[in-house]
>>> print(open('entry-v8.cif').read())   # mmCIF, C-alpha atoms
data_query
#
loop_
_atom_site.label_atom_id
_atom_site.label_comp_id
_atom_site.auth_asym_id
_atom_site.auth_seq_id
_atom_site.Cartn_x
_atom_site.Cartn_y
_atom_site.Cartn_z
CA MET A 187 14.67 -3.89 16.41
CA ASP A 188 16.52 -6.74 14.70
CA GLU A 189 15.04 -8.23 11.53
CA ASN A 190 14.20 -11.64 13.02
CA HIS A 191 12.30 -10.04 15.91
CA TYR A 192 10.50 -7.75 13.46
CA ARG A 193 9.41 -10.68 11.28
CA SER A 194 8.13 -12.74 14.20
CA THR A 195 6.19 -9.76 15.58
CA TYR A 196 4.86 -9.00 12.09
CA ALA A 197 3.58 -12.58 11.75
CA GLU A 198 1.82 -12.32 15.14
CA ILE A 199 0.15 -9.02 14.29
CA ASN A 200 -0.69 -9.93 10.70
CA PRO A 201 -1.80 -13.56 10.36
CA ILE A 202 -3.14 -13.02 6.80
CA GLN A 203 -0.69 -10.83 4.89
CA CYS A 204 -2.21 -9.05 1.89
CA ALA A 205 -0.99 -10.59 -1.37
CA PHE A 206 -0.81 -7.15 -3.01
CA GLU A 207 0.85 -5.42 -0.05
CA LYS A 208 3.60 -3.88 -2.20
CA ALA A 209 1.07 -2.39 -4.63
CA ILE A 210 -1.06 -0.99 -1.80
CA ASN A 211 1.96 0.45 0.01
CA SER A 212 3.08 2.00 -3.30
CA ARG A 213 -0.30 3.80 -3.37
CA VAL A 214 -1.08 2.36 -6.81
CA CYS A 215 -4.28 0.74 -5.59
CA ASN A 216 -6.34 -0.07 -2.53
CA CYS A 217 -8.52 -2.93 -1.34
CA SER A 218 -11.84 -2.95 0.44
CA LYS A 219 -10.80 -6.11 2.30
CA SER A 220 -7.54 -4.74 3.68
CA SER A 221 -6.46 -2.83 6.73
CA ARG A 222 -3.21 -0.95 7.28
CA PHE A 223 -1.07 -1.06 10.38
CA ASN A 224 2.30 0.28 11.49
CA LEU A 225 5.03 -1.73 13.12
CA ALA A 226 8.22 0.04 14.11
CA ASP A 227 8.84 2.43 11.23
CA ARG A 228 7.20 0.26 8.55
CA GLU A 229 3.70 0.01 7.19
CA GLY A 230 1.94 -3.31 6.70
CA VAL A 231 -1.29 -4.43 5.10
CA ALA A 232 -3.50 -7.20 6.47
CA CYS A 233 -6.26 -9.02 4.63
CA GLU A 234 -9.57 -9.27 6.46
CA SER A 235 -11.13 -11.86 4.16
CA ALA A 236 -9.98 -15.46 3.78
CA THR A 237 -11.94 -15.77 0.52
CA GLY A 238 -10.48 -12.54 -0.82
CA HIS A 239 -6.99 -13.61 0.20
CA ALA A 240 -7.36 -16.89 -1.69
CA LEU A 241 -8.50 -15.05 -4.85
CA CYS A 242 -5.64 -12.56 -4.62
CA GLN A 243 -3.10 -15.34 -4.04
CA GLU A 244 -4.41 -17.17 -7.11
CA LEU A 245 -4.26 -14.02 -9.24
CA LEU A 246 -0.77 -13.14 -8.03
CA ALA A 247 0.49 -16.67 -8.78
CA LEU A 248 -0.93 -16.41 -12.31
CA LEU A 249 0.60 -12.96 -12.79
CA ARG A 250 4.01 -14.21 -11.65
CA GLU A 251 3.81 -17.21 -13.97
CA LYS A 252 2.72 -15.17 -16.99
CA ALA A 253 5.21 -12.35 -16.31
CA ARG A 254 8.22 -14.64 -16.19
CA PHE A 255 8.87 -14.23 -19.92
CA ALA A 256 7.92 -10.54 -20.03
CA LEU A 257 10.32 -9.69 -17.19
CA GLN A 258 12.99 -12.12 -18.39
CA GLN A 259 12.92 -14.03 -15.11
CA THR A 260 14.36 -17.53 -15.35
CA GLN A 261 13.94 -18.25 -11.63
CA VAL A 262 10.99 -20.59 -11.16
CA GLY A 263 10.75 -20.90 -7.38
CA GLY A 264 11.49 -18.61 -4.50
CA PRO A 265 11.00 -14.89 -4.05
CA LEU A 266 11.48 -12.49 -6.93
CA PRO A 267 13.66 -9.40 -6.74
CA HIS A 268 11.83 -6.41 -5.24
CA ASN A 269 11.64 -4.44 -8.51
CA ALA A 270 10.20 -7.44 -10.39
CA GLU A 271 7.59 -8.01 -7.66
CA ILE A 272 6.61 -4.32 -7.78
CA LYS A 273 6.19 -4.50 -11.57
CA ILE A 274 4.08 -7.64 -11.29
CA GLN A 275 1.83 -6.36 -8.51
CA CYS A 276 1.41 -2.75 -9.63
CA GLY A 277 1.39 -3.40 -13.37
CA GLY A 278 -0.85 -6.44 -12.95
CA VAL A 279 -3.45 -4.50 -10.98
CA LYS A 280 -3.33 -1.61 -13.45
CA GLY A 281 -3.70 -4.07 -16.34
CA LEU A 282 -6.67 -5.79 -14.71
CA ILE A 283 -8.35 -2.43 -14.01
CA GLU A 284 -7.79 -1.38 -17.63
CA LEU A 285 -9.18 -4.72 -18.85
CA VAL A 286 -12.34 -4.46 -16.73
CA ASN A 287 -12.86 -0.81 -17.67
CA GLY A 288 -12.50 -1.77 -21.34
CA LEU A 289 -15.31 -4.28 -20.94
CA TYR A 290 -17.64 -1.63 -19.49
CA PRO A 291 -16.71 1.67 -21.15
CA ASP A 292 -20.17 3.22 -20.79
CA GLN A 293 -21.00 2.15 -17.26
CA SER A 294 -20.63 4.44 -14.30
CA ASN A 295 -19.54 1.53 -12.08
CA ALA A 296 -16.24 1.18 -13.89
CA ALA A 297 -13.46 -0.42 -11.93
CA GLU A 298 -11.81 1.79 -9.35
CA ASP A 299 -8.57 1.03 -7.59
CA ASP A 300 -10.16 -1.62 -5.32
CA ILE A 301 -8.32 -4.89 -6.03
CA TYR A 302 -11.03 -7.11 -4.57
CA GLY A 303 -13.78 -5.29 -6.49
CA VAL A 304 -11.86 -5.51 -9.76
CA ILE A 305 -11.28 -9.24 -9.29
CA GLN A 306 -15.00 -9.73 -8.64
CA GLN A 307 -15.89 -7.80 -11.80
CA ALA A 308 -13.40 -9.83 -13.84
CA LEU A 309 -14.78 -13.10 -12.45
CA GLY A 310 -18.25 -11.99 -13.54
CA ASP A 311 -17.05 -11.96 -17.14
CA PHE A 312 -14.38 -14.64 -17.29
CA GLU A 313 -15.74 -17.15 -14.75
CA TYR A 314 -12.27 -18.05 -13.43
CA LEU A 315 -8.99 -16.17 -13.17
CA ALA A 316 -6.97 -18.44 -15.47
CA ALA A 317 -9.28 -17.43 -18.34
CA LEU A 318 -8.24 -13.76 -18.18
CA PRO A 319 -6.45 -12.41 -21.26
CA PHE A 320 -3.03 -12.18 -19.65
CA SER A 321 -1.38 -10.95 -22.85
CA ASP A 322 -3.29 -7.66 -22.41
CA ILE A 323 -2.46 -7.47 -18.70
CA MET A 324 1.23 -8.18 -19.35
CA GLN A 325 1.46 -5.01 -21.46
CA GLN A 326 0.84 -3.00 -18.29
CA VAL A 327 3.28 -5.14 -16.30
CA THR A 328 6.12 -4.51 -18.73
CA ALA A 329 5.24 -0.82 -19.10
CA TYR A 330 5.03 -0.12 -15.36
CA GLN A 331 7.76 2.20 -14.12
CA GLY A 332 8.36 2.40 -10.41
CA ARG A 333 9.77 5.39 -8.59
CA LYS A 334 13.05 6.71 -9.88
CA ARG A 335 16.06 6.25 -7.67
CA ARG A 336 17.09 9.21 -5.64
CA GLY A 337 20.37 10.69 -6.69
CA THR A 338 23.23 10.87 -4.26
CA LYS A 339 24.90 14.15 -3.53
#
>>> encode(input="entry-v8.cif", output="structure tokens")
Amino acid sequence: MDENHYRSTYAEINPIQCAFEKAINSRVCNCSKSSRFNLADREGVACESATGHALCQELLALLREKARFALQQTQVGGPLPHNAEIKIQCGGVKGLIELVNGLYPDQSNAAEDDIYGVIQQALGDFEYLAALPFSDIMQQVTAYQGRKRRGTK
């Protein structure tokens, strides 16, 4: 399957692509509003909630903006390199989970790995996403280490 055909088929199958697809496919987190599917030999993640998708898009845009300095990215527009996007998505989700769990250390309903649930908990405390303490979250973004490269024989 050529790449152009794959992308057009992907867009037909998945009209609302999950904003945190890379983090979910990396098995760092999950989302109660997502569903997985396979196309050819690849795995995709669809969002089943327009409201949830809008929240995740807003959070991801804020994470990208705030991480620009931390990841030494000078590029303002366009897609980021894959490793930078992985650090932003995975580290950002881990940072948000850590933040929410820090707010409720004694509660049994501490944040799990559900992105949508964690965002809802954070909005309960901070009212809007731009008010989150991104300096704390950025510590997890910069500290996140992806998989190590496989060595060649």
>>> closest_atom_pairs(input="entry-v8.cif", of="region 268-332 of chain A", to="region 204-226 of chain A", cutoff="12 Å", atoms="all atoms listed in the file", output="CSV")
residue,atom,partner,partner_atom,distance
A:His268,CA,A:Lys208,CA,9.1
A:Asn269,CA,A:Lys208,CA,10.2
A:Ala270,CA,A:Lys208,CA,11.1
A:Glu271,CA,A:Lys208,CA,7.9
A:Ile272,CA,A:Lys208,CA,6.4
A:Lys273,CA,A:Ala209,CA,8.9
A:Ile274,CA,A:Ala209,CA,9.0
A:Gln275,CA,A:Ala209,CA,5.6
A:Cys276,CA,A:Ala209,CA,5.0
A:Gly277,CA,A:Ala209,CA,8.8
A:Gly278,CA,A:Ala209,CA,9.5
A:Val279,CA,A:Cys215,CA,7.6
A:Lys280,CA,A:Val214,CA,8.1
A:Gly281,CA,A:Val214,CA,11.8
A:Leu282,CA,A:Cys215,CA,11.5
A:Ile283,CA,A:Cys215,CA,9.9
A:Ala297,CA,A:Cys215,CA,11.2
A:Glu298,CA,A:Cys215,CA,8.5
A:Asp299,CA,A:Cys215,CA,4.7
A:Asp300,CA,A:Cys217,CA,4.5
A:Ile301,CA,A:Cys217,CA,5.1
A:Tyr302,CA,A:Cys217,CA,5.8
A:Gly303,CA,A:Ser218,CA,7.6
A:Val304,CA,A:Cys217,CA,9.4
A:Ile305,CA,A:Cys217,CA,10.5
A:Gln306,CA,A:Ser218,CA,11.8
A:Tyr330,CA,A:Val214,CA,10.8
A:Gln331,CA,A:Val214,CA,11.5
A:Gly332,CA,A:Ser212,CA,8.9
>>> closest_residue(input="entry-v8.cif", among="A:Lys334, A:Glu313, A:Ser321, A:Asn190", to="Ala256 (chain A)", atoms="only C-alpha atoms")
A:Ser321
>>> atom_distance(input="entry-v8.cif", atom1="CA of Gly238 (chain A)", atom2="CA of Arg254 (chain A)")
24.3 Å
>>> atom_distance(input="entry-v8.cif", atom1="CA of Val231 (chain A)", atom2="CA of Gln203 (chain A)")
6.4 Å
>>> atom_distance(input="entry-v8.cif", atom1="CA of Lys252 (chain A)", atom2="CA of Leu266 (chain A)")
13.6 Å
>>> closest_residue(input="entry-v8.cif", among="A:Leu241, A:Leu257, A:Ile323, A:Glu189", to="Leu309 (chain A)", atoms="only C-alpha atoms")
A:Leu241
